[in-house]
$ cat model-v8.cif   # mmCIF, C-alpha atoms
data_input
loop_
_atom_site.group_PDB
_atom_site.id
_atom_site.type_symbol
_atom_site.label_atom_id
_atom_site.label_comp_id
_atom_site.auth_asym_id
_atom_site.auth_seq_id
_atom_site.Cartn_x
_atom_site.Cartn_y
_atom_site.Cartn_z
ATOM 1 C CA MET A 1 29.689 167.313 59.587
ATOM 2 C CA SER A 2 31.599 166.507 56.382
ATOM 3 C CA THR A 3 32.935 169.434 54.367
ATOM 4 C CA ASP A 4 30.862 168.492 51.311
ATOM 5 C CA THR A 5 27.508 167.919 53.002
ATOM 6 C CA TYR A 6 24.897 170.189 54.528
ATOM 7 C CA ILE A 7 21.632 169.786 56.425
ATOM 8 C CA THR A 8 18.301 171.144 55.231
ATOM 9 C CA ILE A 9 14.648 170.160 55.587
ATOM 10 C CA LYS A 10 12.838 167.781 53.266
ATOM 11 C CA SER A 11 9.499 169.566 52.902
ATOM 12 C CA GLN A 12 7.298 172.280 54.365
ATOM 13 C CA ALA A 13 6.418 172.067 58.058
ATOM 14 C CA GLU A 14 4.346 174.281 60.346
ATOM 15 C CA GLY A 15 4.187 175.372 63.959
ATOM 16 C CA LEU A 16 1.867 177.413 66.160
ATOM 17 C CA TYR A 17 2.406 179.453 69.336
ATOM 18 C CA LYS A 18 -0.230 181.435 71.244
ATOM 19 C CA GLU A 19 0.400 184.119 73.855
ATOM 20 C CA LYS A 20 -2.081 186.581 75.396
ATOM 21 C CA GLY A 21 -4.435 186.378 72.444
ATOM 22 C CA SER A 22 -1.731 186.743 69.783
ATOM 23 C CA LYS A 23 -1.259 183.836 67.379
ATOM 24 C CA PHE A 24 2.095 183.079 65.777
ATOM 25 C CA LEU A 25 1.866 180.796 62.743
ATOM 26 C CA ALA A 26 5.245 179.437 61.642
ATOM 27 C CA PHE A 27 6.133 177.971 58.250
ATOM 28 C CA ALA A 28 9.455 176.255 57.533
ATOM 29 C CA VAL A 29 10.234 175.458 53.911
ATOM 30 C CA PRO A 30 13.267 174.283 51.895
ATOM 31 C CA VAL A 31 14.584 176.945 49.461
ATOM 32 C CA LYS A 32 17.449 177.104 46.974
ATOM 33 C CA SER A 33 17.549 180.786 46.046
ATOM 34 C CA GLU A 34 16.407 184.280 47.003
ATOM 35 C CA ASP A 35 13.765 183.967 44.289
ATOM 36 C CA ASP A 36 12.342 180.941 46.111
ATOM 37 C CA VAL A 37 12.281 183.012 49.308
ATOM 38 C CA LYS A 38 10.498 185.953 47.658
ATOM 39 C CA THR A 39 7.915 183.709 45.985
ATOM 40 C CA PHE A 40 7.032 181.840 49.177
ATOM 41 C CA ILE A 41 6.737 185.023 51.262
ATOM 42 C CA ALA A 42 4.620 186.716 48.572
ATOM 43 C CA ASN A 43 2.232 183.752 48.539
ATOM 44 C CA LEU A 44 1.933 183.803 52.334
ATOM 45 C CA ARG A 45 1.203 187.532 52.271
ATOM 46 C CA LYS A 46 -1.692 186.816 49.896
ATOM 47 C CA ASP A 47 -3.008 183.870 51.895
ATOM 48 C CA TYR A 48 -2.670 185.681 55.245
ATOM 49 C CA HIS A 49 -3.251 189.252 54.079
ATOM 50 C CA ASP A 50 -5.103 190.153 57.278
ATOM 51 C CA ALA A 51 -2.111 189.387 59.541
ATOM 52 C CA ARG A 52 -0.160 192.266 61.061
ATOM 53 C CA HIS A 53 3.385 190.923 60.638
ATOM 54 C CA HIS A 54 5.152 188.431 58.352
ATOM 55 C CA CYS A 55 8.586 188.045 59.950
ATOM 56 C CA TYR A 56 11.211 185.693 58.560
ATOM 57 C CA ALA A 57 14.769 184.466 58.403
ATOM 58 C CA TYR A 58 16.602 182.264 55.925
ATOM 59 C CA ALA A 59 20.003 180.750 55.234
ATOM 60 C CA LEU A 60 21.233 179.847 51.741
ATOM 61 C CA GLY A 61 24.357 178.190 50.364
ATOM 62 C CA TYR A 62 25.893 174.976 51.619
ATOM 63 C CA LYS A 63 27.770 176.907 54.317
ATOM 64 C CA GLY A 64 24.762 179.097 55.109
ATOM 65 C CA GLU A 65 26.787 182.100 53.950
ATOM 66 C CA GLN A 66 23.778 183.944 52.494
ATOM 67 C CA TRP A 67 21.295 184.838 55.196
ATOM 68 C CA ARG A 68 18.794 187.476 56.226
ATOM 69 C CA ALA A 69 16.567 188.199 59.218
ATOM 70 C CA ASN A 70 13.555 190.520 58.851
ATOM 71 C CA ASP A 71 11.394 191.949 61.675
ATOM 72 C CA ASP A 72 8.647 193.251 59.351
ATOM 73 C CA GLY A 73 7.637 196.112 61.625
ATOM 74 C CA GLU A 74 8.201 194.436 64.978
ATOM 75 C CA PRO A 75 10.724 196.130 67.335
ATOM 76 C CA SER A 76 14.253 195.660 66.033
ATOM 77 C CA GLY A 77 15.770 192.286 66.884
ATOM 78 C CA THR A 78 12.589 190.763 68.360
ATOM 79 C CA ALA A 79 11.515 188.577 65.432
ATOM 80 C CA GLY A 80 13.970 187.930 62.591
ATOM 81 C CA LYS A 81 17.012 187.229 64.781
ATOM 82 C CA PRO A 82 15.229 184.777 67.120
ATOM 83 C CA ILE A 83 13.935 182.930 64.039
ATOM 84 C CA TYR A 84 17.418 182.905 62.482
ATOM 85 C CA GLY A 85 18.849 181.642 65.763
ATOM 86 C CA GLN A 86 16.734 178.499 65.416
ATOM 87 C CA LEU A 87 18.237 177.821 61.968
ATOM 88 C CA ILE A 88 21.747 178.281 63.381
ATOM 89 C CA SER A 89 21.155 176.069 66.425
ATOM 90 C CA ARG A 90 20.079 173.220 64.121
ATOM 91 C CA ASN A 91 22.889 173.833 61.612
ATOM 92 C CA LEU A 92 20.339 174.252 58.811
ATOM 93 C CA THR A 93 20.784 175.951 55.465
ATOM 94 C CA ASN A 94 18.730 176.310 52.268
ATOM 95 C CA THR A 95 15.842 176.822 54.675
ATOM 96 C CA LEU A 96 13.338 179.658 55.178
ATOM 97 C CA VAL A 97 11.161 180.185 58.259
ATOM 98 C CA VAL A 98 8.301 182.698 58.176
ATOM 99 C CA VAL A 99 6.322 183.512 61.327
ATOM 100 C CA ILE A 100 3.000 185.300 60.828
ATOM 101 C CA ARG A 101 1.526 187.191 63.772
ATOM 102 C CA TYR A 102 -2.101 187.920 64.448
ATOM 103 C CA PHE A 103 -2.151 190.580 67.168
ATOM 104 C CA GLY A 104 -4.366 189.712 70.121
ATOM 105 C CA GLY A 105 -4.688 193.192 71.628
ATOM 106 C CA THR A 106 -2.144 192.789 74.431
ATOM 107 C CA LYS A 107 1.458 193.881 73.941
ATOM 108 C CA LEU A 108 3.988 191.192 74.814
ATOM 109 C CA GLY A 109 7.049 193.378 75.364
ATOM 110 C CA VAL A 110 10.487 192.778 73.908
ATOM 111 C CA SER A 111 11.253 189.577 75.817
ATOM 112 C CA GLY A 112 7.755 188.236 75.147
ATOM 113 C CA LEU A 113 8.094 188.831 71.411
ATOM 114 C CA ILE A 114 11.536 187.230 71.263
ATOM 115 C CA ASN A 115 10.220 184.158 73.074
ATOM 116 C CA ALA A 116 7.112 183.950 70.876
ATOM 117 C CA TYR A 117 8.942 184.159 67.539
ATOM 118 C CA ARG A 118 11.688 181.797 68.727
ATOM 119 C CA THR A 119 9.187 179.235 70.028
ATOM 120 C CA ALA A 120 6.989 179.328 66.912
ATOM 121 C CA ALA A 121 10.031 178.908 64.639
ATOM 122 C CA SER A 122 11.347 176.109 66.841
ATOM 123 C CA GLU A 123 8.062 174.216 66.654
ATOM 124 C CA ALA A 124 7.941 174.403 62.847
ATOM 125 C CA LEU A 125 11.545 173.188 62.568
ATOM 126 C CA ASP A 126 10.947 170.422 65.113
ATOM 127 C CA ASN A 127 8.088 169.238 62.892
ATOM 128 C CA ALA A 128 10.307 169.252 59.786
ATOM 129 C CA GLU A 129 12.206 166.189 58.594
ATOM 130 C CA LYS A 130 15.923 166.967 58.411
ATOM 131 C CA ILE A 131 17.972 165.563 55.532
ATOM 132 C CA GLU A 132 21.667 165.620 54.704
ATOM 133 C CA LYS A 133 22.599 166.580 51.154
ATOM 134 C CA THR A 134 25.917 166.512 49.357
ATOM 135 C CA VAL A 135 27.583 169.557 47.816
ATOM 136 C CA ASN A 136 27.989 168.776 44.131
ATOM 137 C CA ASN A 137 29.916 170.243 41.233
ATOM 138 C CA ILE A 138 27.927 170.309 38.006
ATOM 139 C CA TYR A 139 29.932 169.301 34.928
ATOM 140 C CA ARG A 140 29.301 168.923 31.229
ATOM 141 C CA ILE A 141 31.241 165.934 29.930
ATOM 142 C CA ASN A 142 32.133 166.478 26.270
ATOM 143 C CA PHE A 143 33.224 163.432 24.253
ATOM 144 C CA SER A 144 33.175 161.824 20.813
ATOM 145 C CA TYR A 145 30.775 159.004 20.008
ATOM 146 C CA ILE A 146 33.554 156.399 19.998
ATOM 147 C CA ALA A 147 34.164 157.115 23.701
ATOM 148 C CA MET A 148 30.530 156.343 24.606
ATOM 149 C CA ASN A 149 31.256 153.014 26.343
ATOM 150 C CA ASP A 150 34.046 154.515 28.454
ATOM 151 C CA ILE A 151 31.864 157.449 29.480
ATOM 152 C CA MET A 152 28.899 155.254 30.388
ATOM 153 C CA LYS A 153 31.195 153.035 32.476
ATOM 154 C CA LEU A 154 32.444 156.165 34.251
ATOM 155 C CA ILE A 155 28.855 157.258 34.926
ATOM 156 C CA LYS A 156 28.064 153.818 36.359
ATOM 157 C CA ASP A 157 31.265 153.541 38.449
ATOM 158 C CA PHE A 158 30.632 156.918 40.115
ATOM 159 C CA ASN A 159 26.860 156.389 40.259
ATOM 160 C CA LEU A 160 26.321 159.775 38.605
ATOM 161 C CA PRO A 161 22.953 161.211 37.547
ATOM 162 C CA ILE A 162 22.413 162.135 33.900
ATOM 163 C CA ASN A 163 20.692 165.522 34.107
ATOM 164 C CA ASP A 164 20.765 166.251 30.379
ATOM 165 C CA GLN A 165 22.410 164.701 27.337
ATOM 166 C CA LEU A 166 23.031 164.902 23.591
ATOM 167 C CA PHE A 167 24.327 162.037 21.471
ATOM 168 C CA ASP A 168 25.360 163.141 17.986
ATOM 169 C CA ASN A 169 28.655 163.563 16.126
ATOM 170 C CA GLY A 170 29.758 165.424 19.231
ATOM 171 C CA CYS A 171 28.233 164.156 22.488
ATOM 172 C CA TRP A 172 27.784 165.612 25.947
ATOM 173 C CA ILE A 173 26.248 164.695 29.287
ATOM 174 C CA ASN A 174 25.442 167.057 32.159
ATOM 175 C CA THR A 175 25.992 165.467 35.556
ATOM 176 C CA ALA A 176 26.570 166.239 39.240
ATOM 177 C CA VAL A 177 29.679 164.996 41.058
ATOM 178 C CA ARG A 178 30.050 165.063 44.833
ATOM 179 C CA GLN A 179 32.880 167.472 45.684
ATOM 180 C CA SER A 180 34.957 164.893 47.543
ATOM 181 C CA GLU A 181 34.873 162.712 44.388
ATOM 182 C CA CYS A 182 35.748 165.452 41.896
ATOM 183 C CA GLU A 183 39.509 164.916 41.812
ATOM 184 C CA ARG A 184 39.142 161.195 41.135
ATOM 185 C CA PHE A 185 36.419 161.901 38.561
ATOM 186 C CA LEU A 186 38.578 164.414 36.663
ATOM 187 C CA ASP A 187 41.537 161.993 36.684
ATOM 188 C CA ARG A 188 39.343 159.368 35.023
ATOM 189 C CA ILE A 189 38.107 161.846 32.424
ATOM 190 C CA GLU A 190 41.693 162.710 31.464
ATOM 191 C CA LYS A 191 42.387 159.047 30.695
ATOM 192 C CA ILE A 192 39.533 158.860 28.155
ATOM 193 C CA ASP A 193 40.513 159.941 24.631
ATOM 194 C CA SER A 194 38.435 162.856 23.275
ATOM 195 C CA ALA A 195 36.738 163.444 26.656
ATOM 196 C CA SER A 196 36.813 166.626 28.737
ATOM 197 C CA ALA A 197 34.858 167.944 31.722
ATOM 198 C CA GLU A 198 33.568 171.526 31.670
ATOM 199 C CA PHE A 199 32.747 172.933 35.121
ATOM 200 C CA ILE A 200 29.345 174.623 35.207
ATOM 201 C CA CYS A 201 28.637 175.522 38.841
ATOM 202 C CA THR A 202 28.500 174.248 42.410
ATOM 203 C CA ASN A 203 25.115 173.110 43.643
#
$ encode --input "model-v8.cif" --output "structure tokens"
Amino acid sequence: MSTDTYITIKSQAEGLYKEKGSKFLAFAVPVKSEDDVKTFIANLRKDYHDARHHCYAYALGYKGEQWRANDDGEPSGTAGKPIYGQLISRNLTNTLVVVIRYFGGTKLGVSGLINAYRTAASEALDNAEKIEKTVNNIYRINFSYIAMNDIMKLIKDFNLPINDQLFDNGCWINTAVRQSECERFLDRIEKIDSASAEFICTN
């Protein structure tokens, strides 16, 4: 995998696993922040308020450096970690998997729980479309109006999106540049009179 790409899922997908009367409903969803995670889990808790457990795992950041696994009352290590393991095995990030359990009256034991949560998570992720995304640096290009043609040619040459813009006495454009293209992009900016690139963040 390239250093400036990562794999995530395109849209929400679901899975289901049944064992000895217990039902494990799995939901895989793309997320970009911990706020996204909290919102999705809160909505599931409302929709499935009668379920006994809402266990989950997620990975965030293009290297998957932010992650968490939560057992939500199940024996330690039997739910969150098996779910997280499915994210790792598929090299996925910016992805959340929640597995909701409806208890069927028969205990499954530690190995049974691990298998159930792993299998449910696996099914949801198998049903999800995987997509590769680039890691981008977000810049604000500041320039004077007379440099407009040069800037627009730069935008076209690099096939950059215009996320926001202002054309006045002083002009600016917010755009996203793939990390592997940033050095070449900044070299071009330096050659344009009155133009500068202000780094905003990495996305």
$ closest_residue --input "model-v8.cif" --among "A:Ile88, A:Ile83, A:Leu154, A:Met148" --to "Glu123 (chain A)" --atoms "all atoms listed in the file"
A:Ile83
$ residues_around --input "model-v8.cif" --residues "Lys130 (chain A)" --least-positions-apart "6" --cutoff "10 Å" --atoms "all atoms listed in the file" --output "number ranges by chain"
A: 7-11, 90, 92
$ resolve_selection --input "model-v8.cif" --expression "the PyMOL selection byres ((chain A and resi 68) around 10)" --output "JSON, numbers by chain"
{"A": [56, 57, 58, 59, 60, 65, 66, 67, 69, 70, 80, 81, 84, 96]}
$ closest_residue --input "model-v8.cif" --among "A:Gln86, A:Gln12, A:Asn174, A:Asn169" --to "Tyr145 (chain A)" --atoms "only C-alpha atoms"
A:Asn169
$ residues_around --input "model-v8.cif" --residues "region 72-77 of chain A" --least-positions-apart "5" --cutoff "12 Å" --atoms "all atoms listed in the file" --output "PDB file with C-alpha atoms, in the coordinates of the input"
ATOM      1  CA  ILE A  41       6.737 185.023  51.262  1.00  0.00           C
ATOM      2  CA  ARG A  45       1.203 187.532  52.271  1.00  0.00           C
ATOM      3  CA  ALA A  51      -2.111 189.387  59.541  1.00  0.00           C
ATOM      4  CA  ARG A  52      -0.160 192.266  61.061  1.00  0.00           C
ATOM      5  CA  HIS A  53       3.385 190.923  60.638  1.00  0.00           C
ATOM      6  CA  HIS A  54       5.152 188.431  58.352  1.00  0.00           C
ATOM      7  CA  CYS A  55       8.586 188.045  59.950  1.00  0.00           C
ATOM      8  CA  TYR A  56      11.211 185.693  58.560  1.00  0.00           C
ATOM      9  CA  ALA A  57      14.769 184.466  58.403  1.00  0.00           C
ATOM     10  CA  PRO A  82      15.229 184.777  67.120  1.00  0.00           C
ATOM     11  CA  ILE A  83      13.935 182.930  64.039  1.00  0.00           C
ATOM     12  CA  TYR A  84      17.418 182.905  62.482  1.00  0.00           C
ATOM     13  CA  GLY A  85      18.849 181.642  65.763  1.00  0.00           C
ATOM     14  CA  VAL A  98       8.301 182.698  58.176  1.00  0.00           C
ATOM     15  CA  VAL A  99       6.322 183.512  61.327  1.00  0.00           C
ATOM     16  CA  ILE A 100       3.000 185.300  60.828  1.00  0.00           C
ATOM     17  CA  ARG A 101       1.526 187.191  63.772  1.00  0.00           C
ATOM     18  CA  PHE A 103      -2.151 190.580  67.168  1.00  0.00           C
ATOM     19  CA  LYS A 107       1.458 193.881  73.941  1.00  0.00           C
ATOM     20  CA  LEU A 108       3.988 191.192  74.814  1.00  0.00           C
ATOM     21  CA  GLY A 109       7.049 193.378  75.364  1.00  0.00           C
ATOM     22  CA  VAL A 110      10.487 192.778  73.908  1.00  0.00           C
ATOM     23  CA  SER A 111      11.253 189.577  75.817  1.00  0.00           C
ATOM     24  CA  GLY A 112       7.755 188.236  75.147  1.00  0.00           C
ATOM     25  CA  LEU A 113       8.094 188.831  71.411  1.00  0.00           C
ATOM     26  CA  ILE A 114      11.536 187.230  71.263  1.00  0.00           C
ATOM     27  CA  ASN A 115      10.220 184.158  73.074  1.00  0.00           C
ATOM     28  CA  TYR A 117       8.942 184.159  67.539  1.00  0.00           C
ATOM     29  CA  ARG A 118      11.688 181.797  68.727  1.00  0.00           C
TER      30      ARG A 118
END
$ closest_residue --input "model-v8.cif" --among "A:Thr119, A:Glu14, A:Asn136, A:Asn203" --to "Gly61 (chain A)" --atoms "all atoms listed in the file"
A:Asn203
$ resolve_selection --input "model-v8.cif" --expression "the PyMOL selection byres ((chain A and resi 175) around 12)" --output "ChimeraX atom specification"
/A:136-142,151-152,154-156,158-165,172-174,176-178,182,185,197-203
$ closest_residue --input "model-v8.cif" --among "A:Thr106, A:Thr95, A:Ser194, A:Asn127" --to "Val31 (chain A)" --atoms "all atoms listed in the file"
A:Thr95
$ closest_residue --input "model-v8.cif" --among "A:Gln179, A:Lys153, A:Ala195, A:Ser144" --to "Phe167 (chain A)" --atoms "only C-alpha atoms"
A:Ser144
$ atom_distance --input "model-v8.cif" --atom1 "CA of Thr78 (chain A)" --atom2 "CA of Tyr102 (chain A)"
15.5 Å
